[in-house]
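Undergrad: So that we are looking at the same thing, I have put the structure below in structure tokens.
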Amino acid sequence: MTDSVLFDRLPAQNGKAIGVATLNRPQALNGLNLEMCQLLFKKFQEWAQDGSIAMVVLRGAGDKALCAGGDLHSLYASMQKNQEGSAWNNEYAREFFDVEYRLDYLIHTFPKPILCWGDGIVMGGGVGLFNGASHRVVTDTTRFAMPEISIGLFPDVGGTWMLSHLPAGLGHFLALSGAQINASDCLFLGLADAYLPRAQYDALLQALQATHWPDERAARDSSVHQALRTLANGARPVSGPLEQNYSTLRDICASREFDRITQALQQWQDSADPWLSRAAQTFAKGAPGSARLSFELLERVHHLSLADVFRLEYIVSLQCGVQGDFQEGIRALLIDKDKQPRWNPASLEQADARWVERFFIPAWPADMTHPLADL
């Protein structure tokens, strides 16, 4: 057995060091399981307090992914085991989402620079890690998406907060379509801070090790930014498909009307643009309930604090564990692999605003406080 996360300390200037955390399950596209979240959370807490650590680098092992998502197999097993219909009785889901969301929130609020190397697939749980970093770096291989509609879930790990703040309602499109975007589109939307070719990773580490690290946080952020800018030397990726379709998407999504967006997605299945067509087909095959739930969440979270968003997502995630579509989506995609999910509700009309209210009911006993109340 190899360690699921590798931790290194790289010597840097003036007595400092750089902490490097490497997700180490390349055969599973570095998908996050509970152990990995626990290890990362503990080490990041230590590094936050360690005066010798100037900054942190977070990356994935292998050449395919930073992280392609969460540990769906274990979540599926926990849902199968929990046959009583009570979301709170799924102890694995309770702990997994608790630790994962705490880790993501810690990254967002970390007192030192965190550079996340978003190489390859950055999806689902990987977006949760990437999104909170102070320096989000995309590469020539980046494939970024929140494709939860395909498994009967919603864009969690702070994804609703991220998507709700995108311009012109584009977050609604990304949530409902699961559309993949590249490095250029991530920069265009403000979802990434810098671009470097994949081959520059080692040079980046060397540049960071050669950096003189001041004590002030703002000055450290500036040092990381300068290292990235010097290595990039003005290089930028070619424009991406979302930017190329921006005016079309803006016209449809800016109103943030569920029916208008879903009708457009249905029409785009036969679009001459292969990217729009693929996004529309993903929507058509996805869970109608997830479409409504994702849309409703993006509307509710827009003016919430980040901590309150994680608290709301935690409520919804636990309810997803007993409402059926999440389990069915994993079954169809990863267990039986028949790719024929039986969604319930089966249509957008059935998944109306009244139906979705069931997901916003706290699952824990009435005399308990929210498990993430201390965020």
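By order of appearance in the structure tokens: chains A, B, ..., then residues from 1 within every chain, and ligands from 1 in the order shown.
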Hey, what's within 8 Å of range 133-145 of chain A if we count only C-alpha atoms and toss same-chain stuff fewer than 6 positions away? As a PyMOL selection string, please?
TA: chain A and resi 107-108+113-124+127+174+178-183+186+191-198+221+224-225+237
Undergrad: Would you write out those residues with N, CA, C and O atoms, as a CSV table (one decimal), in the first residue's frame?
TA:
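Final output, saved to out.csv:
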```
chain,number,residue,atom,x,y,z
A,107,ILE,N,-8.7,25.7,3.1
A,107,ILE,CA,-7.9,26.1,2.0
A,107,ILE,C,-8.3,27.6,1.6
A,107,ILE,O,-7.4,28.4,1.4
A,108,HIS,N,-9.6,27.8,1.6
A,108,HIS,CA,-10.1,29.2,1.3
A,108,HIS,C,-9.5,30.2,2.3
A,108,HIS,O,-9.3,31.4,1.9
A,113,PRO,N,0.1,31.6,1.4
A,113,PRO,CA,-0.2,31.3,0.0
A,113,PRO,C,-0.3,29.8,-0.2
A,113,PRO,O,0.5,29.0,0.3
A,114,ILE,N,-1.3,29.4,-1.0
A,114,ILE,CA,-1.5,28.0,-1.5
A,114,ILE,C,-1.5,28.1,-3.0
A,114,ILE,O,-2.4,28.7,-3.5
A,115,LEU,N,-0.6,27.4,-3.6
A,115,LEU,CA,-0.6,27.3,-5.1
A,115,LEU,C,-1.1,26.0,-5.4
A,115,LEU,O,-0.5,24.9,-5.0
A,116,CYS,N,-2.2,25.9,-6.2
A,116,CYS,CA,-2.8,24.6,-6.6
A,116,CYS,C,-2.5,24.5,-8.1
A,116,CYS,O,-2.8,25.3,-8.9
A,117,TRP,N,-1.8,23.4,-8.4
A,117,TRP,CA,-1.4,23.1,-9.8
A,117,TRP,C,-2.5,22.3,-10.5
A,117,TRP,O,-2.7,21.1,-10.3
A,118,GLY,N,-3.4,23.0,-11.2
A,118,GLY,CA,-4.6,22.4,-11.8
A,118,GLY,C,-4.3,21.8,-13.1
A,118,GLY,O,-4.9,22.1,-14.1
A,119,ASP,N,-3.5,20.8,-13.1
A,119,ASP,CA,-3.1,20.1,-14.3
A,119,ASP,C,-4.0,18.9,-14.6
A,119,ASP,O,-4.4,18.2,-13.7
A,120,GLY,N,-4.4,18.7,-15.9
A,120,GLY,CA,-5.2,17.6,-16.2
A,120,GLY,C,-6.7,17.8,-15.7
A,120,GLY,O,-7.2,18.9,-15.8
A,121,ILE,N,-7.3,16.7,-15.3
A,121,ILE,CA,-8.7,16.8,-14.9
A,121,ILE,C,-8.8,17.5,-13.5
A,121,ILE,O,-8.2,17.1,-12.5
A,122,VAL,N,-9.7,18.5,-13.5
A,122,VAL,CA,-10.0,19.2,-12.2
A,122,VAL,C,-11.5,19.2,-12.2
A,122,VAL,O,-12.2,20.1,-12.8
A,123,MET,N,-12.1,18.3,-11.5
A,123,MET,CA,-13.6,18.2,-11.5
A,123,MET,C,-14.1,17.8,-10.1
A,123,MET,O,-13.3,17.2,-9.3
A,124,GLY,N,-15.3,18.2,-9.8
A,124,GLY,CA,-15.9,17.8,-8.5
A,124,GLY,C,-15.1,18.2,-7.3
A,124,GLY,O,-14.8,19.3,-7.1
A,127,VAL,N,-12.3,20.5,-7.9
A,127,VAL,CA,-12.6,21.9,-7.9
A,127,VAL,C,-12.7,22.5,-6.5
A,127,VAL,O,-12.2,23.6,-6.3
A,174,LEU,N,-23.1,26.1,-16.4
A,174,LEU,CA,-22.1,25.1,-16.1
A,174,LEU,C,-22.6,24.1,-15.2
A,174,LEU,O,-22.3,22.9,-15.3
A,178,GLY,N,-22.8,20.5,-17.0
A,178,GLY,CA,-21.5,19.8,-16.7
A,178,GLY,C,-20.5,20.1,-17.7
A,178,GLY,O,-19.5,19.3,-17.8
A,179,ALA,N,-20.6,21.2,-18.4
A,179,ALA,CA,-19.7,21.5,-19.5
A,179,ALA,C,-18.2,21.6,-19.1
A,179,ALA,O,-17.9,22.2,-18.0
A,180,GLN,N,-17.3,21.0,-19.9
A,180,GLN,CA,-15.9,21.1,-19.6
A,180,GLN,C,-15.3,22.3,-20.2
A,180,GLN,O,-15.6,22.7,-21.3
A,181,ILE,N,-14.5,23.0,-19.4
A,181,ILE,CA,-13.8,24.2,-20.0
A,181,ILE,C,-12.3,24.0,-19.8
A,181,ILE,O,-11.8,23.2,-19.0
A,182,ASN,N,-11.5,24.8,-20.6
A,182,ASN,CA,-10.1,24.6,-20.6
A,182,ASN,C,-9.4,25.7,-19.8
A,182,ASN,O,-10.1,26.6,-19.2
A,183,ALA,N,-8.1,25.8,-19.9
A,183,ALA,CA,-7.3,26.8,-19.2
A,183,ALA,C,-7.7,28.2,-19.5
A,183,ALA,O,-7.9,29.1,-18.7
A,186,CYS,N,-11.0,29.1,-18.0
A,186,CYS,CA,-10.9,29.3,-16.5
A,186,CYS,C,-10.3,30.7,-16.2
A,186,CYS,O,-10.8,31.4,-15.3
A,191,LEU,N,-11.7,31.9,-12.8
A,191,LEU,CA,-11.7,30.7,-12.0
A,191,LEU,C,-10.2,30.2,-11.8
A,191,LEU,O,-10.0,29.2,-11.2
A,192,ALA,N,-9.3,30.9,-12.5
A,192,ALA,CA,-7.9,30.6,-12.3
A,192,ALA,C,-7.1,31.9,-12.4
A,192,ALA,O,-7.6,32.9,-12.8
A,193,ASP,N,-5.9,31.9,-11.8
A,193,ASP,CA,-5.1,33.1,-11.7
A,193,ASP,C,-3.9,33.2,-12.6
A,193,ASP,O,-3.4,34.2,-12.9
A,194,ALA,N,-3.4,32.0,-13.1
A,194,ALA,CA,-2.2,32.0,-13.9
A,194,ALA,C,-2.2,30.8,-14.8
A,194,ALA,O,-2.9,29.8,-14.5
A,195,TYR,N,-1.5,30.9,-15.9
A,195,TYR,CA,-1.3,29.8,-16.8
A,195,TYR,C,0.2,29.5,-17.0
A,195,TYR,O,1.0,30.4,-17.2
A,196,LEU,N,0.5,28.2,-17.0
A,196,LEU,CA,1.8,27.7,-17.3
A,196,LEU,C,1.7,26.4,-18.1
A,196,LEU,O,0.8,25.6,-17.7
A,197,PRO,N,2.5,26.1,-19.0
A,197,PRO,CA,2.6,24.8,-19.7
A,197,PRO,C,2.9,23.8,-18.6
A,197,PRO,O,3.7,24.0,-17.7
A,198,ARG,N,2.4,22.6,-18.8
A,198,ARG,CA,2.7,21.5,-17.9
A,198,ARG,C,4.2,21.3,-17.6
A,198,ARG,O,4.6,21.0,-16.5
A,221,ASP,N,2.3,36.6,-1.2
A,221,ASP,CA,1.4,36.5,-2.4
A,221,ASP,C,2.1,37.1,-3.6
A,221,ASP,O,2.0,36.6,-4.7
A,224,VAL,N,4.9,34.9,-5.1
A,224,VAL,CA,4.4,33.8,-5.9
A,224,VAL,C,3.9,34.3,-7.2
A,224,VAL,O,4.2,33.7,-8.3
A,225,HIS,N,3.1,35.4,-7.2
A,225,HIS,CA,2.6,36.0,-8.5
A,225,HIS,C,3.8,36.3,-9.4
A,225,HIS,O,3.7,36.1,-10.6
A,237,PRO,N,-3.0,30.6,-23.2
A,237,PRO,CA,-3.6,29.6,-24.1
A,237,PRO,C,-4.5,30.3,-25.1
A,237,PRO,O,-5.0,31.4,-24.9
```
Undergrad: Mind running range 225-339 of chain A against range 151-172 of chain A at 8 Å and telling me each contacting residue's nearest atom pair with the distance in Å (one decimal), counting only C-alpha atoms, chain and number ascending, as JSON lines?
TA:
```
{"residue": "A:Leu249", "atom": "CA", "partner": "A:Leu170", "partner_atom": "CA", "distance": 7.0}
{"residue": "A:Arg250", "atom": "CA", "partner": "A:Ala168", "partner_atom": "CA", "distance": 5.4}
{"residue": "A:Cys253", "atom": "CA", "partner": "A:Gly169", "partner_atom": "CA", "distance": 4.8}
{"residue": "A:Ala254", "atom": "CA", "partner": "A:Ala168", "partner_atom": "CA", "distance": 4.3}
{"residue": "A:Ser255", "atom": "CA", "partner": "A:Gly169", "partner_atom": "CA", "distance": 7.1}
{"residue": "A:Arg256", "atom": "CA", "partner": "A:Gly169", "partner_atom": "CA", "distance": 5.7}
{"residue": "A:Gly286", "atom": "CA", "partner": "A:Gly152", "partner_atom": "CA", "distance": 7.2}
{"residue": "A:Ala287", "atom": "CA", "partner": "A:Gly152", "partner_atom": "CA", "distance": 5.3}
{"residue": "A:Gly289", "atom": "CA", "partner": "A:Gly152", "partner_atom": "CA", "distance": 7.3}
{"residue": "A:Ser290", "atom": "CA", "partner": "A:Gly152", "partner_atom": "CA", "distance": 5.4}
{"residue": "A:Ala291", "atom": "CA", "partner": "A:Phe154", "partner_atom": "CA", "distance": 7.9}
{"residue": "A:Leu293", "atom": "CA", "partner": "A:Phe154", "partner_atom": "CA", "distance": 7.0}
{"residue": "A:Ser294", "atom": "CA", "partner": "A:Phe154", "partner_atom": "CA", "distance": 5.4}
{"residue": "A:Phe295", "atom": "CA", "partner": "A:His172", "partner_atom": "CA", "distance": 6.3}
{"residue": "A:Leu297", "atom": "CA", "partner": "A:Thr160", "partner_atom": "CA", "distance": 6.5}
{"residue": "A:Leu298", "atom": "CA", "partner": "A:Ser164", "partner_atom": "CA", "distance": 5.1}
{"residue": "A:Glu299", "atom": "CA", "partner": "A:Ser164", "partner_atom": "CA", "distance": 7.2}
{"residue": "A:Val301", "atom": "CA", "partner": "A:Trp161", "partner_atom": "CA", "distance": 6.2}
{"residue": "A:His302", "atom": "CA", "partner": "A:Ser164", "partner_atom": "CA", "distance": 5.5}
{"residue": "A:Leu306", "atom": "CA", "partner": "A:Trp161", "partner_atom": "CA", "distance": 6.9}
{"residue": "A:Val309", "atom": "CA", "partner": "A:Trp161", "partner_atom": "CA", "distance": 6.5}
{"residue": "A:Phe310", "atom": "CA", "partner": "A:Gly158", "partner_atom": "CA", "distance": 6.0}
{"residue": "A:Glu313", "atom": "CA", "partner": "A:Asp156", "partner_atom": "CA", "distance": 6.2}
{"residue": "A:Ser317", "atom": "CA", "partner": "A:Asp156", "partner_atom": "CA", "distance": 7.8}
{"residue": "A:Cys320", "atom": "CA", "partner": "A:Leu153", "partner_atom": "CA", "distance": 6.7}
{"residue": "A:Asp325", "atom": "CA", "partner": "A:Gly152", "partner_atom": "CA", "distance": 4.7}
{"residue": "A:Phe326", "atom": "CA", "partner": "A:Gly152", "partner_atom": "CA", "distance": 4.3}
{"residue": "A:Gln327", "atom": "CA", "partner": "A:Gly152", "partner_atom": "CA", "distance": 7.6}
{"residue": "A:Glu328", "atom": "CA", "partner": "A:Gly152", "partner_atom": "CA", "distance": 7.4}
{"residue": "A:Gly329", "atom": "CA", "partner": "A:Ile151", "partner_atom": "CA", "distance": 3.9}
{"residue": "A:Ile330", "atom": "CA", "partner": "A:Ile151", "partner_atom": "CA", "distance": 5.6}
{"residue": "A:Leu333", "atom": "CA", "partner": "A:Ile151", "partner_atom": "CA", "distance": 7.4}
```
Undergrad: In Å, rounded to a single decimal, give me how far CA of Asn30 in chain A is from CA of Leu66 in chain A.
TA: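 Value for the CA of Leu66 in chain A-CA of Asn30 in chain A distance: 6.6 Å.
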Undergrad: Write out as a list in words the residues lying within 9 Å of Ala280 in chain A, counting only C-alpha atoms and excluding same-chain residues fewer than 4 positions away.
TA: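 My list of contacting residues is Leu176, Ser177, Ala179, Ala264, Leu265, Gln266, Gln267, Trp268, Gln269, Asp270, Ser271, Trp275, Leu276, Ala284 and Lys285 of chain A.
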Undergrad: Check the smallest atom-to-atom distance from each of A:Glu243, A:Asp3, A:Asp202, A:Asp8 to Leu187 in chain A using only C-alpha atoms, then report the winner.
TA: A:Glu243
Undergrad: Pick out the residues sitting within 9 Å of range 354-371 of chain A, and hand them over as a VMD selection string; count only C-alpha atoms, and ignore anything fewer than 2 positions along from it in its own chain.
TA: chain A and resid 86 to 89 98 289 292 to 293 296 311 to 320 323 350 to 352 373 to 374
Undergrad: Once DSSP has gone over the backbone, tell me which residues of range 72-219 of chain A are in alpha helix (DSSP H), as a PyMOL selection string.
TA: chain A and resi 72-81+91-108+125-131+159-164+170-177+183-189+201-209+217-219
Undergrad: Using DSSP on the backbone, list every residue of range 89-243 of chain A that comes out as strand (DSSP E), and give them as a PDB file with all heavy atoms, in the first residue's frame.
TA:
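Ended up saving to selection-v8.pdb:
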```pdb
ATOM      1  N   ILE A 114      -1.341  29.394  -0.963  1.00  0.00           N
ATOM      2  CA  ILE A 114      -1.470  28.021  -1.452  1.00  0.00           C
ATOM      3  C   ILE A 114      -1.536  28.088  -2.967  1.00  0.00           C
ATOM      4  O   ILE A 114      -2.428  28.722  -3.531  1.00  0.00           O
ATOM      5  CB  ILE A 114      -2.714  27.308  -0.908  1.00  0.00           C
ATOM      6  CG1 ILE A 114      -2.626  27.112   0.603  1.00  0.00           C
ATOM      7  CG2 ILE A 114      -2.890  25.951  -1.590  1.00  0.00           C
ATOM      8  CD1 ILE A 114      -3.803  26.353   1.199  1.00  0.00           C
ATOM      9  N   LEU A 115      -0.586  27.436  -3.612  1.00  0.00           N
ATOM     10  CA  LEU A 115      -0.598  27.333  -5.065  1.00  0.00           C
ATOM     11  C   LEU A 115      -1.119  25.954  -5.420  1.00  0.00           C
ATOM     12  O   LEU A 115      -0.539  24.936  -5.035  1.00  0.00           O
ATOM     13  CB  LEU A 115       0.802  27.542  -5.637  1.00  0.00           C
ATOM     14  CG  LEU A 115       0.940  27.594  -7.159  1.00  0.00           C
ATOM     15  CD1 LEU A 115       2.149  28.445  -7.557  1.00  0.00           C
ATOM     16  CD2 LEU A 115       1.082  26.190  -7.785  1.00  0.00           C
ATOM     17  N   CYS A 116      -2.220  25.911  -6.152  1.00  0.00           N
ATOM     18  CA  CYS A 116      -2.779  24.636  -6.589  1.00  0.00           C
ATOM     19  C   CYS A 116      -2.483  24.460  -8.073  1.00  0.00           C
ATOM     20  O   CYS A 116      -2.832  25.323  -8.892  1.00  0.00           O
ATOM     21  CB  CYS A 116      -4.275  24.581  -6.322  1.00  0.00           C
ATOM     22  SG  CYS A 116      -4.969  22.924  -6.560  1.00  0.00           S
ATOM     23  N   TRP A 117      -1.839  23.352  -8.406  1.00  0.00           N
ATOM     24  CA  TRP A 117      -1.410  23.054  -9.759  1.00  0.00           C
ATOM     25  C   TRP A 117      -2.539  22.282 -10.453  1.00  0.00           C
ATOM     26  O   TRP A 117      -2.672  21.079 -10.325  1.00  0.00           O
ATOM     27  CB  TRP A 117      -0.124  22.243  -9.707  1.00  0.00           C
ATOM     28  CG  TRP A 117       0.510  21.910 -11.019  1.00  0.00           C
ATOM     29  CD1 TRP A 117       0.595  20.662 -11.589  1.00  0.00           C
ATOM     30  CD2 TRP A 117       1.189  22.790 -11.922  1.00  0.00           C
ATOM     31  NE1 TRP A 117       1.271  20.726 -12.783  1.00  0.00           N
ATOM     32  CE2 TRP A 117       1.652  22.023 -13.021  1.00  0.00           C
ATOM     33  CE3 TRP A 117       1.444  24.165 -11.914  1.00  0.00           C
ATOM     34  CZ2 TRP A 117       2.349  22.577 -14.089  1.00  0.00           C
ATOM     35  CZ3 TRP A 117       2.141  24.720 -12.974  1.00  0.00           C
ATOM     36  CH2 TRP A 117       2.591  23.937 -14.048  1.00  0.00           C
ATOM     37  N   GLY A 118      -3.377  23.006 -11.196  1.00  0.00           N
ATOM     38  CA  GLY A 118      -4.570  22.423 -11.792  1.00  0.00           C
ATOM     39  C   GLY A 118      -4.310  21.760 -13.124  1.00  0.00           C
ATOM     40  O   GLY A 118      -4.921  22.132 -14.138  1.00  0.00           O
ATOM     41  N   ILE A 121      -7.311  16.731 -15.275  1.00  0.00           N
ATOM     42  CA  ILE A 121      -8.716  16.798 -14.869  1.00  0.00           C
ATOM     43  C   ILE A 121      -8.847  17.497 -13.522  1.00  0.00           C
ATOM     44  O   ILE A 121      -8.195  17.131 -12.544  1.00  0.00           O
ATOM     45  CB  ILE A 121      -9.310  15.382 -14.782  1.00  0.00           C
ATOM     46  CG1 ILE A 121      -9.273  14.702 -16.159  1.00  0.00           C
ATOM     47  CG2 ILE A 121     -10.741  15.416 -14.255  1.00  0.00           C
ATOM     48  CD1 ILE A 121      -9.634  13.238 -16.116  1.00  0.00           C
ATOM     49  N   VAL A 122      -9.686  18.513 -13.486  1.00  0.00           N
ATOM     50  CA  VAL A 122     -10.019  19.218 -12.248  1.00  0.00           C
ATOM     51  C   VAL A 122     -11.540  19.239 -12.190  1.00  0.00           C
ATOM     52  O   VAL A 122     -12.188  20.097 -12.776  1.00  0.00           O
ATOM     53  CB  VAL A 122      -9.459  20.653 -12.226  1.00  0.00           C
ATOM     54  CG1 VAL A 122      -9.777  21.326 -10.894  1.00  0.00           C
ATOM     55  CG2 VAL A 122      -7.964  20.658 -12.496  1.00  0.00           C
ATOM     56  N   MET A 123     -12.125  18.282 -11.492  1.00  0.00           N
ATOM     57  CA  MET A 123     -13.573  18.154 -11.477  1.00  0.00           C
ATOM     58  C   MET A 123     -14.069  17.792 -10.084  1.00  0.00           C
ATOM     59  O   MET A 123     -13.349  17.189  -9.287  1.00  0.00           O
ATOM     60  CB  MET A 123     -14.033  17.087 -12.479  1.00  0.00           C
ATOM     61  CG  MET A 123     -13.701  17.399 -13.928  1.00  0.00           C
ATOM     62  SD  MET A 123     -14.365  16.167 -15.078  1.00  0.00           S
ATOM     63  CE  MET A 123     -13.606  16.722 -16.615  1.00  0.00           C
ATOM     64  N   HIS A 135      -3.511  30.901  -5.291  1.00  0.00           N
ATOM     65  CA  HIS A 135      -2.881  30.970  -6.606  1.00  0.00           C
ATOM     66  C   HIS A 135      -3.275  29.702  -7.373  1.00  0.00           C
ATOM     67  O   HIS A 135      -2.695  28.634  -7.175  1.00  0.00           O
ATOM     68  CB  HIS A 135      -1.360  31.098  -6.481  1.00  0.00           C
ATOM     69  CG  HIS A 135      -0.936  32.368  -5.832  1.00  0.00           C
ATOM     70  ND1 HIS A 135      -1.019  32.575  -4.468  1.00  0.00           N
ATOM     71  CD2 HIS A 135      -0.443  33.519  -6.357  1.00  0.00           C
ATOM     72  CE1 HIS A 135      -0.586  33.789  -4.175  1.00  0.00           C
ATOM     73  NE2 HIS A 135      -0.231  34.383  -5.303  1.00  0.00           N
ATOM     74  N   ARG A 136      -4.261  29.839  -8.241  1.00  0.00           N
ATOM     75  CA  ARG A 136      -4.825  28.715  -8.991  1.00  0.00           C
ATOM     76  C   ARG A 136      -4.188  28.714 -10.381  1.00  0.00           C
ATOM     77  O   ARG A 136      -4.437  29.616 -11.180  1.00  0.00           O
ATOM     78  CB  ARG A 136      -6.343  28.862  -9.076  1.00  0.00           C
ATOM     79  CG  ARG A 136      -7.025  28.932  -7.707  1.00  0.00           C
ATOM     80  CD  ARG A 136      -8.430  29.500  -7.804  1.00  0.00           C
ATOM     81  NE  ARG A 136      -8.405  30.872  -8.327  1.00  0.00           N
ATOM     82  CZ  ARG A 136      -9.496  31.588  -8.607  1.00  0.00           C
ATOM     83  NH1 ARG A 136     -10.701  31.056  -8.417  1.00  0.00           N
ATOM     84  NH2 ARG A 136      -9.390  32.834  -9.068  1.00  0.00           N
ATOM     85  N   VAL A 137      -3.400  27.675 -10.648  1.00  0.00           N
ATOM     86  CA  VAL A 137      -2.635  27.627 -11.898  1.00  0.00           C
ATOM     87  C   VAL A 137      -3.219  26.556 -12.814  1.00  0.00           C
ATOM     88  O   VAL A 137      -3.387  25.401 -12.412  1.00  0.00           O
ATOM     89  CB  VAL A 137      -1.147  27.319 -11.628  1.00  0.00           C
ATOM     90  CG1 VAL A 137      -0.352  27.370 -12.932  1.00  0.00           C
ATOM     91  CG2 VAL A 137      -0.568  28.321 -10.622  1.00  0.00           C
ATOM     92  N   VAL A 138      -3.542  26.952 -14.033  1.00  0.00           N
ATOM     93  CA  VAL A 138      -4.020  26.015 -15.047  1.00  0.00           C
ATOM     94  C   VAL A 138      -2.915  25.777 -16.072  1.00  0.00           C
ATOM     95  O   VAL A 138      -1.993  26.584 -16.212  1.00  0.00           O
ATOM     96  CB  VAL A 138      -5.299  26.535 -15.725  1.00  0.00           C
ATOM     97  CG1 VAL A 138      -6.493  26.375 -14.808  1.00  0.00           C
ATOM     98  CG2 VAL A 138      -5.146  27.992 -16.165  1.00  0.00           C
ATOM     99  N   ARG A 143      -8.700  20.298 -17.712  1.00  0.00           N
ATOM    100  CA  ARG A 143     -10.106  20.040 -18.051  1.00  0.00           C
ATOM    101  C   ARG A 143     -10.918  20.246 -16.787  1.00  0.00           C
ATOM    102  O   ARG A 143     -10.893  19.430 -15.875  1.00  0.00           O
ATOM    103  CB  ARG A 143     -10.283  18.619 -18.590  1.00  0.00           C
ATOM    104  CG  ARG A 143      -9.637  18.371 -19.950  1.00  0.00           C
ATOM    105  CD  ARG A 143      -9.584  16.899 -20.269  1.00  0.00           C
ATOM    106  NE  ARG A 143     -10.899  16.271 -20.146  1.00  0.00           N
ATOM    107  CZ  ARG A 143     -11.084  14.952 -19.996  1.00  0.00           C
ATOM    108  NH1 ARG A 143     -10.036  14.143 -19.917  1.00  0.00           N
ATOM    109  NH2 ARG A 143     -12.292  14.449 -19.902  1.00  0.00           N
ATOM    110  N   PHE A 144     -11.639  21.340 -16.738  1.00  0.00           N
ATOM    111  CA  PHE A 144     -12.307  21.813 -15.525  1.00  0.00           C
ATOM    112  C   PHE A 144     -13.814  21.662 -15.707  1.00  0.00           C
ATOM    113  O   PHE A 144     -14.373  22.089 -16.715  1.00  0.00           O
ATOM    114  CB  PHE A 144     -11.930  23.282 -15.326  1.00  0.00           C
ATOM    115  CG  PHE A 144     -12.482  23.932 -14.089  1.00  0.00           C
ATOM    116  CD1 PHE A 144     -11.655  24.175 -12.995  1.00  0.00           C
ATOM    117  CD2 PHE A 144     -13.800  24.355 -14.025  1.00  0.00           C
ATOM    118  CE1 PHE A 144     -12.153  24.821 -11.864  1.00  0.00           C
ATOM    119  CE2 PHE A 144     -14.306  24.991 -12.904  1.00  0.00           C
ATOM    120  CZ  PHE A 144     -13.472  25.225 -11.810  1.00  0.00           C
ATOM    121  N   ALA A 145     -14.493  21.057 -14.713  1.00  0.00           N
ATOM    122  CA  ALA A 145     -15.941  20.912 -14.812  1.00  0.00           C
ATOM    123  C   ALA A 145     -16.534  20.547 -13.460  1.00  0.00           C
ATOM    124  O   ALA A 145     -15.850  20.022 -12.579  1.00  0.00           O
ATOM    125  CB  ALA A 145     -16.323  19.844 -15.848  1.00  0.00           C
ATOM    126  N   ALA A 194      -3.449  32.007 -13.097  1.00  0.00           N
ATOM    127  CA  ALA A 194      -2.243  32.008 -13.921  1.00  0.00           C
ATOM    128  C   ALA A 194      -2.240  30.772 -14.807  1.00  0.00           C
ATOM    129  O   ALA A 194      -2.888  29.763 -14.502  1.00  0.00           O
ATOM    130  CB  ALA A 194      -0.994  32.029 -13.046  1.00  0.00           C
ATOM    131  N   TYR A 195      -1.470  30.885 -15.886  1.00  0.00           N
ATOM    132  CA  TYR A 195      -1.312  29.781 -16.833  1.00  0.00           C
ATOM    133  C   TYR A 195       0.164  29.481 -17.021  1.00  0.00           C
ATOM    134  O   TYR A 195       0.982  30.392 -17.199  1.00  0.00           O
ATOM    135  CB  TYR A 195      -1.920  30.148 -18.190  1.00  0.00           C
ATOM    136  CG  TYR A 195      -1.506  29.215 -19.304  1.00  0.00           C
ATOM    137  CD1 TYR A 195      -2.123  27.979 -19.462  1.00  0.00           C
ATOM    138  CD2 TYR A 195      -0.491  29.565 -20.195  1.00  0.00           C
ATOM    139  CE1 TYR A 195      -1.737  27.112 -20.488  1.00  0.00           C
ATOM    140  CE2 TYR A 195      -0.101  28.709 -21.224  1.00  0.00           C
ATOM    141  CZ  TYR A 195      -0.722  27.478 -21.355  1.00  0.00           C
ATOM    142  OH  TYR A 195      -0.345  26.637 -22.359  1.00  0.00           O
TER     143      TYR A 195
END
```
Undergrad: With distances taken over only C-alpha atoms, which residue among A:Leu204, A:Ala235, A:Ala307, A:Met36 lies nearest Leu129 in chain A?
TA: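 Going through A:Leu204, A:Ala235, A:Ala307, A:Met36 one by one, the smallest distance to Leu129 in chain A is for A:Met36.
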Undergrad: Give me the residues near Lys81 in chain A as a list in words, where near means some atom within 9 Å (using only C-alpha atoms) and where sequence neighbours in that chain fewer than 4 positions away do not count.
TA: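 That gives Tyr76, Ala77 and Asn90 of chain A.
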Undergrad: Write a file of the selected residues as a PDB file, in the first residue's frame, keeping N, CA and C atoms.
TA:
```pdb
ATOM      1  N   TYR A  76     -21.462   5.193  -2.291  1.00  0.00           N
ATOM      2  CA  TYR A  76     -22.499   4.273  -2.777  1.00  0.00           C
ATOM      3  C   TYR A  76     -22.715   3.137  -1.776  1.00  0.00           C
ATOM      4  N   ALA A  77     -21.617   2.566  -1.284  1.00  0.00           N
ATOM      5  CA  ALA A  77     -21.740   1.482  -0.303  1.00  0.00           C
ATOM      6  C   ALA A  77     -22.456   1.957   0.956  1.00  0.00           C
ATOM      7  N   ASN A  90     -26.559   7.720   7.910  1.00  0.00           N
ATOM      8  CA  ASN A  90     -25.426   7.392   7.043  1.00  0.00           C
ATOM      9  C   ASN A  90     -24.167   8.003   7.644  1.00  0.00           C
TER      10      ASN A  90
END
```
